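**Q** I'd like to ask you about the structure that follows.
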Number of protein chains: 2
Amino acid sequence: MSPADQNASPAPTQTIHLSGGAGTAPEHESTGFTIWFTGLSGAGKSTITAILERELRQRGLRVEVLDGDVVRTNLSKGLGFSKEDRDTNILRIGWVCEVLSRNDVVAIAAAISPYREIRDQVRARIGRFVEVYVEAPLEVLADRDVKGLYRKAMAGEIKNFTGVDDPYEAPLDPEVVCYSDGRETPEQSANKVLAKLEELGYVAPTTGEHVLAAR
Amino acid sequence: MSPADQNASPAPTQTIHLSGGAGTAPEHESTGFTIWFTGLSGAGKSTITAILERELRQRGLRVEVLDGDVVRTNLSKGLGFSKEDRDTNILRIGWVCEVLSRNDVVAIAAAISPYREIRDQVRARIGRFVEVYVEAPLEVLADRDVKGLYRKAMAGEIKNFTGVDDPYEAPLDPEVVCYSDGRETPEQSANKVLAKLEELGYVAPTTGEHVLAAR
């Protein structure tokens, strides 16, 4: 017998229908949803996220950002960068997004999340899910990479670097594509996401110009 | 250089003050809080939790239950029952409670959480934290344990069983103590927690009798 079995309550004092518990949605329809940023390291996910977070909070929404690095510290210490470990990390972020989304919170995930299948698993579980692909060509990323990580990865000095010697599977049909190769500013990228959220009915439309566009 | 470094954005396109992100509290004061149930396996944590969850939802609050078993599936697969792994599991549950609590959600954790120091760490991080100790003597638990897990642990057939061959450190100064040795019903236990929540100002007091007491 596994020690894990000890966590099962051996004998409840009475039978009670569990009205909830982790994994059970609240009875009302949640106003929450998840915005999932995916893209290569340095593509600008965190930058756009920060603008979007501020804007959504100014509109009175509850917003929580799940940053890939922060989550690795809090939820996934010890995990590495194998496909399995990356998948586990993304599924954990996805689960936290799910729990937040069903409690009227806007969860924003900003993580490389290289594998399409896992992102789609998370999407299927959450339902109200807006995938934002932050696209930038590898050369652009390498050129503006002041730490030179991309060049080191290209030279083989760093291993398991997504987009270089580790796969990145771009979304096939994301709700939004942001271009961080100079074609648009981070504010414009954030605005595209806001426009999509309004179109989907997830946030109330502003009257006239977008706040960000007016700045 | 560690592959983890690749997650640091090599070169942000511009400097933007991150207004939030995981680890950053929203600007308003949250109405959320955490109720933390601790106690031996089979003591009745889940039973009281389910009653409390239903009642708080009926009062219009957002409630999310973090059950120790469910969290082990979603956040802590692969962790065992060493002190280190138990601590990691509890800190992860605590982090999710923290994220929920700062977004106006009532997080209810129901996990053995045997170590005082770790519970106190979680308490310190969350702030609005109500610890509920569900107390029951080992003999009572063993007697009503239909699966016989306690007896097997006592016979040495199961290892690392909290309260038998693995430590359980009872809270020194919990906000609420519930007795599941027959002295009170689960409804009475849930009512004690509700009364404490009202006393702390975390939930609005009901007029007259508690709803549960009237049932």
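FYI, nothing fancy with the structure tokens labels: chains A, B, ... in order, residues from 1 per chain, ligands from 1 as they appear.
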According to DSSP computed on the backbone, where in region 78-157 of chain B is there helix (DSSP H, G or I)? Give the residues as a ChimeraX atom specification.
**A** /B:83-101,116-126,138-143,149-154
**Q** What residues in region 54-147 of chain B get the DSSP label strand (DSSP E or B)? Please answer as a PyMOL selection string.
**A** chain B and resi 63-67+106-110+129-135
**Q** Mind checking which residues fall within 8 Å of region 134-141 of chain B, counting only C-alpha atoms, ignoring those fewer than 6 positions away in the same chain, and posting them as an NGL selection string?
**A** :B and (37-40 or 42-45 or 150 or 163 or 177-181)
**Q** Could you save those same residues with N, CA and C atoms as a PDB file, in the first residue's frame?
**A**
ATOM      1  N   PHE B  37      -7.318  24.564   7.126  1.00  0.00           N
ATOM      2  CA  PHE B  37      -7.617  23.417   7.977  1.00  0.00           C
ATOM      3  C   PHE B  37      -6.389  22.537   8.104  1.00  0.00           C
ATOM      4  N   THR B  38      -6.035  22.212   9.313  1.00  0.00           N
ATOM      5  CA  THR B  38      -4.936  21.282   9.563  1.00  0.00           C
ATOM      6  C   THR B  38      -5.413  20.218  10.550  1.00  0.00           C
ATOM      7  N   GLY B  39      -4.872  19.034  10.405  1.00  0.00           N
ATOM      8  CA  GLY B  39      -5.241  17.947  11.308  1.00  0.00           C
ATOM      9  C   GLY B  39      -4.934  16.617  10.648  1.00  0.00           C
ATOM     10  N   LEU B  40      -5.015  15.576  11.444  1.00  0.00           N
ATOM     11  CA  LEU B  40      -4.658  14.245  10.957  1.00  0.00           C
ATOM     12  C   LEU B  40      -5.617  13.765   9.875  1.00  0.00           C
ATOM     13  N   GLY B  42      -8.388  11.846   8.177  1.00  0.00           N
ATOM     14  CA  GLY B  42      -9.629  11.297   8.717  1.00  0.00           C
ATOM     15  C   GLY B  42     -10.232  12.116   9.831  1.00  0.00           C
ATOM     16  N   ALA B  43      -9.604  13.220  10.197  1.00  0.00           N
ATOM     17  CA  ALA B  43     -10.111  14.014  11.324  1.00  0.00           C
ATOM     18  C   ALA B  43     -11.411  14.734  10.963  1.00  0.00           C
ATOM     19  N   GLY B  44     -11.647  14.943   9.671  1.00  0.00           N
ATOM     20  CA  GLY B  44     -12.888  15.593   9.267  1.00  0.00           C
ATOM     21  C   GLY B  44     -12.687  16.935   8.586  1.00  0.00           C
ATOM     22  N   LYS B  45     -11.465  17.212   8.158  1.00  0.00           N
ATOM     23  CA  LYS B  45     -11.178  18.486   7.496  1.00  0.00           C
ATOM     24  C   LYS B  45     -12.066  18.703   6.259  1.00  0.00           C
ATOM     25  N   TYR B 150      -4.983   3.299   9.699  1.00  0.00           N
ATOM     26  CA  TYR B 150      -4.275   3.606  10.955  1.00  0.00           C
ATOM     27  C   TYR B 150      -3.723   2.330  11.586  1.00  0.00           C
ATOM     28  N   GLY B 163       1.072  11.107  12.323  1.00  0.00           N
ATOM     29  CA  GLY B 163       0.436  10.845  13.607  1.00  0.00           C
ATOM     30  C   GLY B 163       0.804   9.486  14.166  1.00  0.00           C
ATOM     31  N   VAL B 177     -10.476  25.791  17.098  1.00  0.00           N
ATOM     32  CA  VAL B 177     -10.247  24.354  17.257  1.00  0.00           C
ATOM     33  C   VAL B 177     -11.594  23.652  17.101  1.00  0.00           C
ATOM     34  N   CYS B 178     -11.635  22.676  16.208  1.00  0.00           N
ATOM     35  CA  CYS B 178     -12.837  21.866  16.038  1.00  0.00           C
ATOM     36  C   CYS B 178     -12.553  20.476  16.607  1.00  0.00           C
ATOM     37  N   TYR B 179     -13.552  19.923  17.274  1.00  0.00           N
ATOM     38  CA  TYR B 179     -13.391  18.594  17.860  1.00  0.00           C
ATOM     39  C   TYR B 179     -14.219  17.600  17.074  1.00  0.00           C
ATOM     40  N   SER B 180     -13.548  16.615  16.504  1.00  0.00           N
ATOM     41  CA  SER B 180     -14.308  15.651  15.711  1.00  0.00           C
ATOM     42  C   SER B 180     -14.313  14.298  16.403  1.00  0.00           C
ATOM     43  N   ASP B 181     -14.297  14.351  17.746  1.00  0.00           N
ATOM     44  CA  ASP B 181     -14.315  13.109  18.517  1.00  0.00           C
ATOM     45  C   ASP B 181     -15.718  12.797  19.038  1.00  0.00           C
TER      46      ASP B 181
END
**Q** Just give me the gap between CA of Ile51 (chain A) and CA of Val99 (chain B) in Å, one decimal is fine.
**A**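 Spanning CA of Ile51 (chain A) to CA of Val99 (chain B) is a straight-line distance of 20.0 Å.
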**Q** Looking at only C-alpha atoms, which of A:Val96, A:Asp87, A:Leu56, A:Thr31 is the one that sits closest to chain B?
**A**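 Comparing A:Val96, A:Asp87, A:Leu56, A:Thr31 against chain B, the winner is A:Val96.
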